[in-house]
>>> print(open('query16.txt').read())   # compact mmCIF, C-alpha atoms and all ligand atoms
# COMPACT_ATOMS: atom_id res chain seq x y z
CA MET I 1 0.00 0.00 0.00
CA PRO I 2 1.40 3.42 -0.85
CA GLN I 3 1.94 5.75 2.08
CA LYS I 4 -0.68 8.47 2.04
CA LYS I 5 -0.78 12.03 3.36
CA THR I 6 2.81 13.07 2.73
CA ASP I 7 1.78 16.16 0.77
CA ASP I 8 -1.04 17.93 2.59
CA ARG I 9 -2.24 20.73 0.36
CA ARG I 10 -4.12 22.85 2.88
CA LEU I 11 -3.96 26.36 1.42
CA GLY I 12 -3.56 28.16 4.75
CA ILE I 13 -3.88 31.92 4.85
CA LYS I 14 -3.28 32.04 1.07
CA GLY I 15 -6.68 30.41 0.72
CA TRP I 16 -8.36 33.62 1.84
CA ALA I 17 -7.45 35.29 -1.41
CA LEU I 18 -6.44 32.45 -3.73
CA GLY I 19 -7.99 29.12 -4.51
CA GLY I 20 -11.00 30.19 -6.50
CA ARG I 21 -12.48 32.72 -8.77
CA TRP I 22 -11.32 35.89 -6.96
CA GLY I 23 -14.93 36.90 -6.52
CA PHE I 24 -16.32 40.01 -4.88
CA GLU I 25 -17.78 38.10 -1.91
CA ARG I 26 -14.47 36.34 -1.31
CA TYR I 27 -12.71 39.70 -1.10
CA MET I 28 -15.39 40.89 1.31
CA TYR I 29 -14.75 37.75 3.39
CA THR I 30 -11.01 38.50 3.48
CA VAL I 31 -11.41 42.23 4.12
CA HIS I 32 -13.97 41.51 6.86
CA ARG I 33 -11.47 39.28 8.66
CA ILE I 34 -8.55 41.70 8.28
CA THR I 35 -10.60 44.70 9.44
CA GLY I 36 -11.94 42.61 12.34
CA ILE I 37 -8.43 41.78 13.52
CA GLY I 38 -7.37 45.42 12.97
CA LEU I 39 -10.28 46.72 15.06
CA VAL I 40 -9.48 44.34 17.94
CA VAL I 41 -5.83 45.54 17.91
CA TYR I 42 -7.02 49.16 17.83
CA PHE I 43 -9.43 48.51 20.70
CA LEU I 44 -6.62 47.10 22.88
CA LEU I 45 -4.35 50.06 22.06
CA HIS I 46 -7.23 52.42 22.76
CA ILE I 47 -7.71 50.97 26.25
CA LEU I 48 -3.96 51.21 26.84
CA VAL I 49 -3.84 54.86 25.76
CA THR I 50 -6.91 55.99 27.68
CA SER I 51 -5.70 54.23 30.82
CA THR I 52 -2.64 56.52 30.87
CA ARG I 53 -4.94 59.24 32.12
CA ALA I 54 -5.86 57.22 35.18
CA PHE I 55 -2.37 55.92 35.88
CA GLY I 56 -0.03 58.62 34.49
CA GLY I 57 -2.07 61.72 35.34
CA GLN I 58 -3.20 64.74 33.34
CA HIS I 59 0.30 65.73 32.25
CA VAL I 60 1.16 62.39 30.60
CA TRP I 61 -2.29 62.26 29.03
CA GLU I 62 -1.95 65.69 27.44
CA SER I 63 1.51 65.09 26.01
CA LEU I 64 0.32 61.74 24.63
CA MET I 65 -2.69 63.40 23.01
CA GLY I 66 -0.35 65.96 21.45
CA THR I 67 1.74 63.20 19.90
CA LEU I 68 -1.31 61.30 18.69
CA SER I 69 -2.73 64.27 16.80
CA SER I 70 0.34 64.44 14.53
CA GLY I 71 0.34 63.46 10.81
CA VAL I 72 1.24 59.80 10.91
CA PHE I 73 -1.37 59.01 13.57
CA LYS I 74 -3.97 60.74 11.42
CA ILE I 75 -3.37 58.05 8.82
CA GLY I 76 -3.86 55.46 11.55
CA GLU I 77 -7.06 57.20 12.61
CA PHE I 78 -8.26 57.14 9.03
CA LEU I 79 -7.47 53.42 8.68
CA VAL I 80 -9.40 52.63 11.86
CA PHE I 81 -12.32 54.69 10.59
CA ALA I 82 -12.24 52.94 7.19
CA GLY I 83 -11.99 49.51 8.88
CA PHE I 84 -14.93 50.37 11.10
CA ALA I 85 -17.08 51.48 8.14
CA ILE I 86 -16.30 48.38 6.10
CA HIS I 87 -16.65 45.92 8.98
CA GLY I 88 -19.86 47.52 10.22
CA LEU I 89 -21.65 47.70 6.88
CA ASN I 90 -20.48 44.29 5.69
CA GLY I 91 -21.47 43.00 9.13
CA ILE I 92 -25.05 44.18 8.55
CA ARG I 93 -25.01 42.35 5.21
CA LEU I 94 -23.72 39.18 6.89
CA ILE I 95 -26.36 39.38 9.62
CA LEU I 96 -29.09 39.61 6.97
CA ILE I 97 -27.59 36.64 5.15
CA GLU I 98 -27.11 34.53 8.26
CA LEU I 99 -30.69 35.13 9.33
CA GLY I 100 -31.71 33.75 5.94
CA PHE I 101 -33.21 37.03 4.67
CA ALA I 102 -30.85 37.60 1.75
CA THR I 103 -30.15 34.19 0.27
CA GLY I 104 -33.55 33.23 -1.12
CA LYS I 105 -35.40 29.97 -0.63
CA ALA I 106 -34.55 26.51 -1.92
CA ILE I 107 -35.26 26.21 -5.65
CA GLU I 108 -35.20 23.49 -8.25
CA PRO I 109 -31.72 24.03 -9.76
CA GLU I 110 -31.69 24.53 -13.52
CA TYR I 111 -28.57 25.09 -15.57
CA PRO I 112 -27.07 27.73 -15.68
CA TYR I 113 -27.48 27.66 -11.91
CA GLN I 114 -28.69 30.71 -10.04
CA THR I 115 -27.22 30.73 -6.55
CA SER I 116 -27.70 32.64 -3.33
CA VAL I 117 -24.57 34.56 -4.32
CA ASP I 118 -26.49 36.28 -7.13
CA LYS I 119 -29.44 36.83 -4.78
CA GLN I 120 -27.44 38.72 -2.16
CA ARG I 121 -25.19 40.57 -4.65
CA PRO I 122 -27.27 43.82 -4.61
CA ILE I 123 -26.89 43.99 -0.81
CA ALA I 124 -23.14 43.39 -1.15
CA ILE I 125 -22.88 46.23 -3.68
CA VAL I 126 -24.96 48.61 -1.54
CA ALA I 127 -22.85 47.76 1.54
CA ALA I 128 -19.59 48.34 -0.34
CA ALA I 129 -20.84 51.58 -1.94
CA ALA I 130 -22.12 52.93 1.39
CA ALA I 131 -18.78 52.06 3.02
CA ALA I 132 -16.94 53.90 0.22
CA VAL I 133 -19.09 57.05 0.65
CA ILE I 134 -18.62 57.02 4.44
CA ILE I 135 -14.85 56.52 4.04
CA LEU I 136 -14.65 59.48 1.64
CA PHE I 137 -16.55 61.69 4.10
CA GLY I 138 -14.38 60.48 6.97
CA GLY I 139 -11.20 61.09 4.96
CA TYR I 140 -12.33 64.62 4.17
CA ASN I 141 -13.11 65.24 7.81
CA ILE I 142 -9.83 63.83 9.13
CA PHE I 143 -7.40 65.28 6.59
CA LEU I 144 -8.99 68.38 5.09
CA ALA I 145 -11.66 69.91 7.35
CA HIS I 146 -10.85 71.57 10.67
CA MET C 1 -7.62 18.00 -38.49
CA ALA C 2 -8.14 21.68 -39.19
CA ASP C 3 -9.91 22.39 -35.89
CA THR C 4 -7.23 20.79 -33.73
CA ARG C 5 -5.25 23.06 -31.42
CA LYS C 6 -2.13 22.12 -29.52
CA ILE C 7 -2.59 23.18 -25.90
CA PRO C 8 -0.03 22.58 -23.13
CA PHE C 9 -1.38 20.85 -20.01
CA THR C 10 0.77 21.54 -16.93
CA ILE C 11 -0.04 18.93 -14.31
CA LEU C 12 0.98 18.57 -10.67
CA ARG C 13 2.68 15.21 -10.13
CA PHE C 14 3.22 13.51 -6.83
CA ASN C 15 3.93 9.86 -6.09
CA PRO C 16 4.00 9.17 -2.36
CA GLU C 17 6.08 6.02 -2.91
CA THR C 18 8.98 7.88 -4.50
CA ASP C 19 8.55 11.67 -4.04
CA THR C 20 8.88 13.91 -1.02
CA LYS C 21 7.70 17.00 -2.91
CA HIS C 22 5.37 17.55 -5.83
CA ARG C 23 6.59 18.72 -9.27
CA PHE C 24 4.92 19.93 -12.47
CA ASP C 25 5.02 18.12 -15.86
CA THR C 26 3.86 19.66 -19.12
CA PHE C 27 2.29 17.69 -21.98
CA ILE C 28 1.00 18.95 -25.34
CA VAL C 29 -2.59 17.87 -25.99
CA ASP C 30 -4.34 17.88 -29.39
CA VAL C 31 -7.60 19.58 -28.55
CA LEU C 32 -10.76 19.39 -30.64
CA PRO C 33 -13.80 21.62 -30.01
CA GLY C 34 -16.02 20.09 -27.36
CA MET C 35 -13.23 18.02 -25.82
CA THR C 36 -13.31 17.84 -22.02
CA VAL C 37 -10.39 18.12 -19.62
CA LEU C 38 -11.01 14.47 -18.74
CA GLU C 39 -10.53 13.50 -22.40
CA GLY C 40 -7.32 15.52 -22.44
CA LEU C 41 -6.05 13.52 -19.46
CA HIS C 42 -6.89 10.25 -21.25
CA GLN C 43 -4.91 11.44 -24.26
CA ILE C 44 -1.88 12.20 -22.08
CA LYS C 45 -2.11 8.77 -20.47
CA ALA C 46 -2.39 7.05 -23.86
CA ARG C 47 0.29 9.03 -25.69
CA HIS C 48 2.76 10.46 -23.17
CA ASP C 49 2.74 9.03 -19.68
CA ALA C 50 0.88 5.92 -18.61
CA THR C 51 1.71 6.56 -14.94
CA LEU C 52 -0.47 9.69 -14.66
CA ALA C 53 -3.14 9.07 -12.01
CA TRP C 54 -6.56 10.64 -11.55
CA ARG C 55 -9.97 9.40 -10.50
CA TYR C 56 -13.06 9.16 -12.69
CA SER C 57 -15.94 6.86 -13.34
CA CYS C 58 -19.15 8.14 -14.92
CA ARG C 59 -17.77 10.80 -17.32
CA MET C 60 -21.04 12.72 -17.01
CA GLY C 61 -20.98 14.71 -13.76
CA VAL C 62 -22.81 12.09 -11.74
CA CYS C 63 -20.29 10.12 -9.67
CA GLY C 64 -18.31 13.03 -8.20
CA SER C 65 -14.93 11.34 -8.74
CA CYS C 66 -13.12 13.75 -11.03
CA GLY C 67 -13.05 16.98 -8.97
CA MET C 68 -9.75 18.80 -9.56
CA LEU C 69 -8.29 22.29 -9.68
CA ILE C 70 -8.39 23.42 -13.32
CA ASN C 71 -6.80 26.80 -14.02
CA GLY C 72 -7.32 27.76 -10.39
CA ARG C 73 -10.94 26.67 -10.13
CA ALA C 74 -12.19 23.54 -8.39
CA THR C 75 -14.47 21.72 -10.81
CA LEU C 76 -15.25 18.39 -12.50
CA ALA C 77 -12.86 17.41 -15.30
CA CYS C 78 -15.61 15.52 -17.14
CA ASN C 79 -17.96 18.49 -17.04
CA THR C 80 -15.47 21.08 -18.24
CA GLN C 81 -14.59 21.70 -21.88
CA ILE C 82 -10.95 22.62 -22.44
CA LEU C 83 -11.67 25.56 -24.76
CA ASP C 84 -14.16 27.00 -22.27
CA VAL C 85 -11.33 27.21 -19.72
CA SER C 86 -8.57 28.51 -21.99
CA PRO C 87 -7.52 28.20 -25.64
CA ILE C 88 -3.90 28.83 -24.57
CA ALA C 89 -2.86 26.75 -21.56
CA ILE C 90 -4.34 24.46 -18.93
CA ALA C 91 -2.94 23.95 -15.43
CA ILE C 92 -4.28 21.07 -13.35
CA ALA C 93 -3.69 20.23 -9.69
CA PRO C 94 -5.52 17.99 -7.23
CA LEU C 95 -8.20 19.63 -5.06
CA PRO C 96 -6.50 21.77 -2.42
CA ASN C 97 -7.28 21.36 1.29
CA PHE C 98 -7.02 17.56 0.90
CA PRO C 99 -3.88 15.39 1.07
CA ILE C 100 -2.77 13.77 -2.19
CA ILE C 101 -2.99 10.01 -2.71
CA LYS C 102 -1.24 10.24 -6.10
CA ASP C 103 -1.00 12.96 -8.79
CA LEU C 104 -4.55 14.31 -9.21
CA VAL C 105 -6.21 11.95 -6.72
CA PRO C 106 -7.12 13.71 -3.46
CA ASP C 107 -7.79 11.83 -0.25
CA LEU C 108 -11.40 12.81 0.55
CA ASP C 109 -11.58 10.76 3.77
CA SER C 110 -11.77 13.83 6.01
CA MET C 111 -14.86 15.06 4.12
CA PHE C 112 -16.59 11.68 4.30
CA GLN C 113 -15.82 11.47 8.02
CA LYS C 114 -17.37 14.90 8.66
CA HIS C 115 -20.30 13.99 6.43
CA ARG C 116 -20.93 10.92 8.61
CA GLU C 117 -20.74 13.08 11.75
CA ILE C 118 -23.76 15.18 10.76
CA LYS C 119 -25.89 12.01 10.56
CA PRO C 120 -26.91 12.20 6.90
CA TRP C 121 -30.06 10.14 7.14
CA ILE C 122 -33.68 10.63 8.14
CA ILE C 123 -34.06 10.53 11.89
CA ARG C 124 -37.48 9.97 13.49
CA GLU C 125 -38.08 10.36 17.21
CA ASN C 126 -39.93 7.08 17.10
CA SER C 127 -37.45 4.60 15.63
CA ILE C 128 -40.00 1.80 15.54
CA GLU C 129 -42.33 3.97 13.45
CA GLN C 130 -39.38 4.60 11.13
CA ASN C 131 -37.98 1.10 10.85
CA THR C 132 -41.23 -0.80 10.58
CA ALA C 133 -43.44 1.91 9.08
CA LYS C 134 -46.94 0.73 8.31
CA GLY C 135 -47.52 3.45 5.75
CA GLU C 136 -45.94 6.29 3.83
CA PHE C 137 -44.95 9.72 5.08
CA TYR C 138 -46.96 12.20 3.05
CA GLN C 139 -44.91 14.95 1.44
CA SER C 140 -46.28 17.69 -0.81
CA PRO C 141 -44.38 18.91 -3.92
CA GLU C 142 -43.66 22.17 -2.05
CA GLN C 143 -42.13 20.24 0.86
CA LEU C 144 -40.01 18.28 -1.64
CA VAL C 145 -38.55 21.49 -3.14
CA GLU C 146 -37.47 22.55 0.37
CA TYR C 147 -34.64 20.02 0.29
CA LEU C 148 -34.44 18.66 -3.28
CA GLN C 149 -31.77 21.12 -4.43
CA PHE C 150 -29.45 20.11 -1.60
CA SER C 151 -29.93 16.40 -2.23
CA TYR C 152 -28.16 16.69 -5.61
CA CYS C 153 -24.73 16.71 -3.90
CA ILE C 154 -22.36 14.17 -5.50
CA LYS C 155 -19.64 14.57 -2.84
CA CYS C 156 -17.03 15.72 -5.31
CA GLY C 157 -15.28 17.93 -2.73
CA CYS C 158 -15.01 20.98 -5.02
CA CYS C 159 -16.75 23.18 -2.44
CA MET C 160 -14.36 22.01 0.30
CA ALA C 161 -11.39 22.90 -1.90
CA ALA C 162 -12.71 26.39 -2.66
CA CYS C 163 -13.81 27.36 0.86
CA PRO C 164 -11.52 29.96 2.48
CA THR C 165 -12.46 28.81 5.98
CA MET C 166 -11.41 25.24 5.11
CA ALA C 167 -8.06 26.68 4.01
CA THR C 168 -7.13 27.78 7.51
CA ASP C 169 -9.21 25.51 9.75
CA ALA C 170 -8.70 21.77 9.33
CA GLN C 171 -11.40 21.06 11.93
CA TYR C 172 -14.08 23.11 10.14
CA LEU C 173 -16.95 20.85 9.09
CA GLY C 174 -17.04 22.49 5.67
CA PRO C 175 -19.72 23.23 3.07
CA GLN C 176 -20.45 19.66 1.92
CA PRO C 177 -21.33 18.20 5.35
CA LEU C 178 -23.04 21.39 6.53
CA ALA C 179 -25.23 21.58 3.43
CA GLN C 180 -26.20 17.95 3.96
CA ALA C 181 -27.16 18.71 7.56
CA TYR C 182 -29.66 21.22 6.18
CA ARG C 183 -30.74 18.81 3.44
CA TYR C 184 -32.09 16.52 6.18
CA GLU C 185 -33.27 19.30 8.47
CA ALA C 186 -35.34 20.77 5.60
CA ASP C 187 -36.93 17.38 4.94
CA SER C 188 -40.41 17.32 6.49
CA ARG C 189 -39.96 13.62 7.37
CA ASP C 190 -36.90 14.32 9.51
CA GLN C 191 -36.94 14.96 13.27
CA GLY C 192 -33.17 14.99 13.82
CA PHE C 193 -32.66 18.65 14.77
CA ASN C 194 -31.64 17.91 18.35
CA ALA C 195 -29.46 14.96 17.33
CA ARG C 196 -27.46 17.11 14.90
CA LYS C 197 -27.37 20.26 17.02
CA PRO C 198 -24.25 19.38 19.09
CA VAL C 199 -22.27 18.62 15.91
CA LEU C 200 -23.35 21.81 14.17
CA ASP C 201 -23.01 24.05 17.20
CA ARG C 202 -19.45 23.08 18.09
CA ASP C 203 -16.29 25.14 17.46
CA SER C 204 -15.41 25.02 13.76
CA GLY C 205 -19.00 24.07 13.07
CA LEU C 206 -21.89 25.86 11.39
CA PHE C 207 -21.01 29.34 12.62
CA SER C 208 -17.44 29.21 11.27
CA CYS C 209 -18.90 29.84 7.83
CA HIS C 210 -18.62 33.55 7.06
CA TYR C 211 -20.24 33.47 3.66
CA GLY C 212 -17.24 33.64 1.37
CA SER C 213 -19.76 31.87 -0.91
CA GLU C 214 -17.07 30.21 -3.03
CA CYS C 215 -18.70 26.84 -2.35
CA SER C 216 -21.87 27.87 -4.17
CA VAL C 217 -19.98 29.37 -7.08
CA VAL C 218 -17.91 26.26 -7.78
CA CYS C 219 -20.54 23.58 -7.04
CA PRO C 220 -21.07 21.73 -10.33
CA LYS C 221 -24.54 20.51 -9.34
CA GLY C 222 -26.21 23.77 -8.30
CA VAL C 223 -26.45 22.56 -4.70
CA ASP C 224 -25.72 26.07 -3.36
CA PRO C 225 -24.18 24.94 -0.05
CA ALA C 226 -23.76 28.54 1.13
CA LYS C 227 -27.54 28.97 0.96
CA ALA C 228 -28.17 25.73 2.86
CA ILE C 229 -25.71 26.78 5.56
CA GLN C 230 -27.35 30.18 6.07
CA LEU C 231 -30.83 28.63 6.21
CA MET C 232 -29.51 26.18 8.81
CA LYS C 233 -28.06 29.08 10.82
CA ARG C 234 -31.48 30.74 10.75
CA ARG C 235 -33.08 27.62 12.26
CA MET C 236 -30.36 27.32 14.90
CA LEU C 237 -30.77 30.97 15.89
CA LEU C 238 -34.57 30.66 16.08
CA ASP C 239 -34.04 27.58 18.27
CA LEU C 240 -31.76 29.59 20.56
CA PHE C 241 -34.73 31.86 21.31
CA HIS C 242 -37.14 28.91 21.48
CA LEU C 243 -38.89 30.17 18.36
CA TYR C 244 -38.16 27.27 16.04
CA ARG C 245 -41.15 25.12 15.08
CA LYS C 246 -41.15 22.45 12.42
CA LYS C 247 -44.20 20.88 10.85
CA ASN C 248 -43.34 17.22 10.44
CA ALA C 249 -44.77 14.79 7.94
CA GLU C 250 -47.26 12.32 9.36
CA LEU C 251 -47.79 8.75 8.36
CA CYS C 252 -50.29 8.78 5.49
CA PRO C 253 -53.67 8.04 7.20
CA ASP C 254 -55.09 5.79 4.52
CA GLN C 255 -52.02 3.58 4.76
CA GLY C 256 -52.69 2.97 8.44
CA LYS C 257 -50.89 4.17 11.57
CA PRO C 258 -48.39 2.11 13.58
CA SER C 259 -50.21 0.03 16.15
CA ALA C 260 -49.75 0.35 19.91
CA GLN C 261 -47.48 -2.70 19.96
CA ASP C 262 -45.11 -0.79 17.65
CA GLY C 263 -44.57 1.63 20.52
CA SER C 264 -46.27 4.74 19.05
S1 LIG I 301 -22.04 20.55 -2.52
FE1 LIG I 301 -21.53 20.61 -4.70
S2 LIG I 301 -19.33 21.02 -4.75
FE2 LIG I 301 -19.81 20.32 -2.69
S3 LIG I 301 -19.44 18.12 -2.70
FE3 LIG I 301 -21.61 18.44 -3.16
S4 LIG I 301 -21.75 18.52 -5.39
FE4 LIG I 301 -19.58 18.77 -4.87
S1 LIG I 302 -20.02 30.19 2.37
FE1 LIG I 302 -19.17 29.23 4.17
S2 LIG I 302 -18.83 27.13 3.60
FE2 LIG I 302 -19.13 28.29 1.69
S3 LIG I 302 -17.07 28.82 1.03
FE3 LIG I 302 -17.80 30.46 2.33
S4 LIG I 302 -17.11 30.03 4.40
FE4 LIG I 302 -16.92 28.17 3.18
S1 LIG I 303 -16.25 11.23 -13.88
FE1 LIG I 303 -18.06 11.14 -12.65
S2 LIG I 303 -18.32 13.22 -12.10
FE2 LIG I 303 -16.65 13.33 -13.49
>>> encode(input="query16.txt", output="structure tokens")
Amino acid sequence: MPQKKTDDRRLGIKGWALGGRWGFERYMYTVHRITGIGLVVYFLLHILVTSTRAFGGQHVWESLMGTLSSGVFKIGEFLVFAGFAIHGLNGIRLILIELGFATGKAIEPEYPYQTSVDKQRPIAIVAAAAAAVIILFGGYNIFLAH
Amino acid sequence: MADTRKIPFTILRFNPETDTKHRFDTFIVDVLPGMTVLEGLHQIKARHDATLAWRYSCRMGVCGSCGMLINGRATLACNTQILDVSPIAIAIAPLPNFPIIKDLVPDLDSMFQKHREIKPWIIRENSIEQNTAKGEFYQSPEQLVEYLQFSYCIKCGCCMAACPTMATDAQYLGPQPLAQAYRYEADSRDQGFNARKPVLDRDSGLFSCHYGSECSVVCPKGVDPAKAIQLMKRRMLLDLFHLYRKKNAELCPDQGKPSAQDGS
């Protein structure tokens, strides 16, 4: 008998972007995960920063705030804002899908097959477009407006 | 022949008896319009390399044996025409997310094991009524459509190979078994919700699907596993709030009901 299982081809993290048709929903899946991880990291940093006020006093807090309002942190602020917009709006889409509101009912499949992916596509497009508009507004507010 | 094109097939090769790593071999295939990837593989075996291994049986998209990765997409070799994929070059690898037995033959054991775990059969609370039924369980055409689509699964594994969650989580049940869980749950004759719940509700179970929806795009039978999974989630969430009710099929009255000695 030949020995099996010497070349396990699990795609690993590559599989989030590769391994298929590079479809819109797959990108949303990947972006949703990345923004989710980003927001958790931000949240931890946020707690760390705000706790300096309690532990370091007003002086430390104010100098820290001064540093954080400089250019490079503005980019960070923008990225957090963009991540929040994408994760939030795509999250609403996913909730609708997972509650079975956006995928349609079971049908008799006829070739060429119509799938739930086509059914929920308008919601995916609306979620992505709304996120883009909010990100543009946020970018204007963070970088250009005072 | 005038219509023949010469198209290179680059194929992943791996022999567990002799190789420690896979390699790629390229063969030139004479392609005629309408020729399938499976026919191309037969030509390579006949003309170039008799040791090339892949799995097939029905040649008509029924048996689910010939799932492979063709130009980056998991699909059936017998159901895919070469010129529909590319008139220039074809690259073939075994389905990812499964170990290789040899060349293009994936080891689908893990999928079958998970499929077994979700109890893919009709479960009745009253096993005597089920095993020695004295009649038929009435089912309307509408009730049939509720699960028919999902019953077309041929266990080819294409959805498992395309799923991004499968790529990073070896324990994840995956689209094929999860869709089959809903296939039975949606069947009005089935009463197995509570029996399947612990399997579906575990870590790396139903709720590890985040609707990448690749499974539904690649499925060659229109099973739409992503839809089945979301509809199953809906039922599980309703159950969490004690709102889930299912109208079960009854034994057809004119065929007689099980008698008291049957334990009903
Ligand atoms: S759901 Fe579709 S892709 Fe997945 S195993 Fe069944 S037939 Fe193949
Ligand atoms: S919808 Fe769920 S099961 Fe299907 S590919 Fe995406 S994560 Fe995998
Ligand atoms: S050979 Fe049976 S599905 Fe392709």
>>> interface_residues(input="query16.txt", of="chain C", to="chain I", cutoff="6 Å", atoms="only C-alpha atoms", output="PyMOL selection string")
chain C and resi 16-17+72-73+96-101+146+149+162+164+167-168+212+222+224+227+230-231+234
>>> write_last_selection(input="query16.txt", atoms="C-alpha atoms", output="PDB file, in the coordinates of the input")
ATOM      1  CA  PRO C  16       4.000   9.170  -2.360  1.00  0.00           C
ATOM      2  CA  GLU C  17       6.080   6.020  -2.910  1.00  0.00           C
ATOM      3  CA  GLY C  72      -7.320  27.760 -10.390  1.00  0.00           C
ATOM      4  CA  ARG C  73     -10.940  26.670 -10.130  1.00  0.00           C
ATOM      5  CA  PRO C  96      -6.500  21.770  -2.420  1.00  0.00           C
ATOM      6  CA  ASN C  97      -7.280  21.360   1.290  1.00  0.00           C
ATOM      7  CA  PHE C  98      -7.020  17.560   0.900  1.00  0.00           C
ATOM      8  CA  PRO C  99      -3.880  15.390   1.070  1.00  0.00           C
ATOM      9  CA  ILE C 100      -2.770  13.770  -2.190  1.00  0.00           C
ATOM     10  CA  ILE C 101      -2.990  10.010  -2.710  1.00  0.00           C
ATOM     11  CA  GLU C 146     -37.470  22.550   0.370  1.00  0.00           C
ATOM     12  CA  GLN C 149     -31.770  21.120  -4.430  1.00  0.00           C
ATOM     13  CA  ALA C 162     -12.710  26.390  -2.660  1.00  0.00           C
ATOM     14  CA  PRO C 164     -11.520  29.960   2.480  1.00  0.00           C
ATOM     15  CA  ALA C 167      -8.060  26.680   4.010  1.00  0.00           C
ATOM     16  CA  THR C 168      -7.130  27.780   7.510  1.00  0.00           C
ATOM     17  CA  GLY C 212     -17.240  33.640   1.370  1.00  0.00           C
ATOM     18  CA  GLY C 222     -26.210  23.770  -8.300  1.00  0.00           C
ATOM     19  CA  ASP C 224     -25.720  26.070  -3.360  1.00  0.00           C
ATOM     20  CA  LYS C 227     -27.540  28.970   0.960  1.00  0.00           C
ATOM     21  CA  GLN C 230     -27.350  30.180   6.070  1.00  0.00           C
ATOM     22  CA  LEU C 231     -30.830  28.630   6.210  1.00  0.00           C
ATOM     23  CA  ARG C 234     -31.480  30.740  10.750  1.00  0.00           C
TER      24      ARG C 234
END
>>> residues_near_ligand(input="query16.txt", ligand="ligand LIG 302 (chain I)", cutoff="6 Å", atoms="all atoms listed in the file", output="short mmCIF file (atom, residue, chain, number, x, y, z; two decimals) with C-alpha atoms, in the frame of the given file")
data_model
loop_
_atom_site.label_atom_id
_atom_site.label_comp_id
_atom_site.auth_asym_id
_atom_site.auth_seq_id
_atom_site.Cartn_x
_atom_site.Cartn_y
_atom_site.Cartn_z
CA CYS C 163 -13.81 27.36 0.86
CA PRO C 164 -11.52 29.96 2.48
CA THR C 165 -12.46 28.81 5.98
CA GLY C 174 -17.04 22.49 5.67
CA PRO C 175 -19.72 23.23 3.07
CA CYS C 209 -18.90 29.84 7.83
CA HIS C 210 -18.62 33.55 7.06
CA TYR C 211 -20.24 33.47 3.66
CA GLY C 212 -17.24 33.64 1.37
CA SER C 213 -19.76 31.87 -0.91
CA GLU C 214 -17.07 30.21 -3.03
CA CYS C 215 -18.70 26.84 -2.35
CA ALA C 226 -23.76 28.54 1.13
#
>>> axis_aligned_box(input="query16.txt", around="ligand LIG 301 (chain I)", padding_each_side="6 Å", output="JSON")
{"center_x": -20.7, "center_y": 19.6, "center_z": -4.0, "size_x": 14.7, "size_y": 14.9, "size_z": 14.9}
>>> residues_near_ligand(input="query16.txt", ligand="ligand LIG 301 (chain I)", cutoff="10 Å", atoms="all atoms listed in the file", output="PyMOL selection string")
chain C and resi 61-65+67+74-76+111-112+149-163+174-180+214-226+228
>>> residues_around(input="query16.txt", residues="stretch 126-141 of chain I", least_positions_apart="5", cutoff="8 Å", atoms="only C-alpha atoms", output="PyMOL selection string")
chain I and resi 78+81-82+85-86+89-90+93+146
>>> atom_distance(input="query16.txt", atom1="atom CA of C:Ile118", atom2="atom CA of C:Leu148")
18.0 Å
>>> closest_residue(input="query16.txt", among="C:Thr26, C:Ser57, C:Ser204, C:Asn71", to="ligand LIG 303 (chain I)", atoms="only C-alpha atoms and all ligand atoms")
C:Ser57
>>> residues_around(input="query16.txt", residues="I:Gly38", least_positions_apart="3", cutoff="12 Å", atoms="all atoms listed in the file", output="list in words")
Val31, His32, Arg33, Ile34, Thr35, Val41, Tyr42, Phe43, Leu44, Leu45, Gly76, Glu77, Leu79, Val80, Phe81, Ala82, Gly83, Phe84, Ile86 and His87 of chain I
>>> atom_distance(input="query16.txt", atom1="atom CA of C:Leu83", atom2="atom CA of C:Asn15")
29.0 Å
>>> atom_distance(input="query16.txt", atom1="atom CA of C:Thr4", atom2="atom CA of C:Thr36")
13.5 Å
>>> residues_around(input="query16.txt", residues="C:Glu39", least_positions_apart="6", cutoff="10 Å", atoms="all atoms listed in the file", output="list of chain:residue names")
C:Val29, C:Val31, C:Lys45, C:Arg59, C:Ala77, C:Cys78, C:Thr80, C:Gln81, C:Ile82
>>> residues_around(input="query16.txt", residues="C:Ser140", least_positions_apart="5", cutoff="10 Å", atoms="only C-alpha atoms", output="number ranges by chain")
C: 145, 188, 249
>>> closest_residue(input="query16.txt", among="C:Asn131, C:Asn248, C:Gln191, C:Thr20", to="C:Lys119", atoms="all atoms listed in the file")
C:Gln191
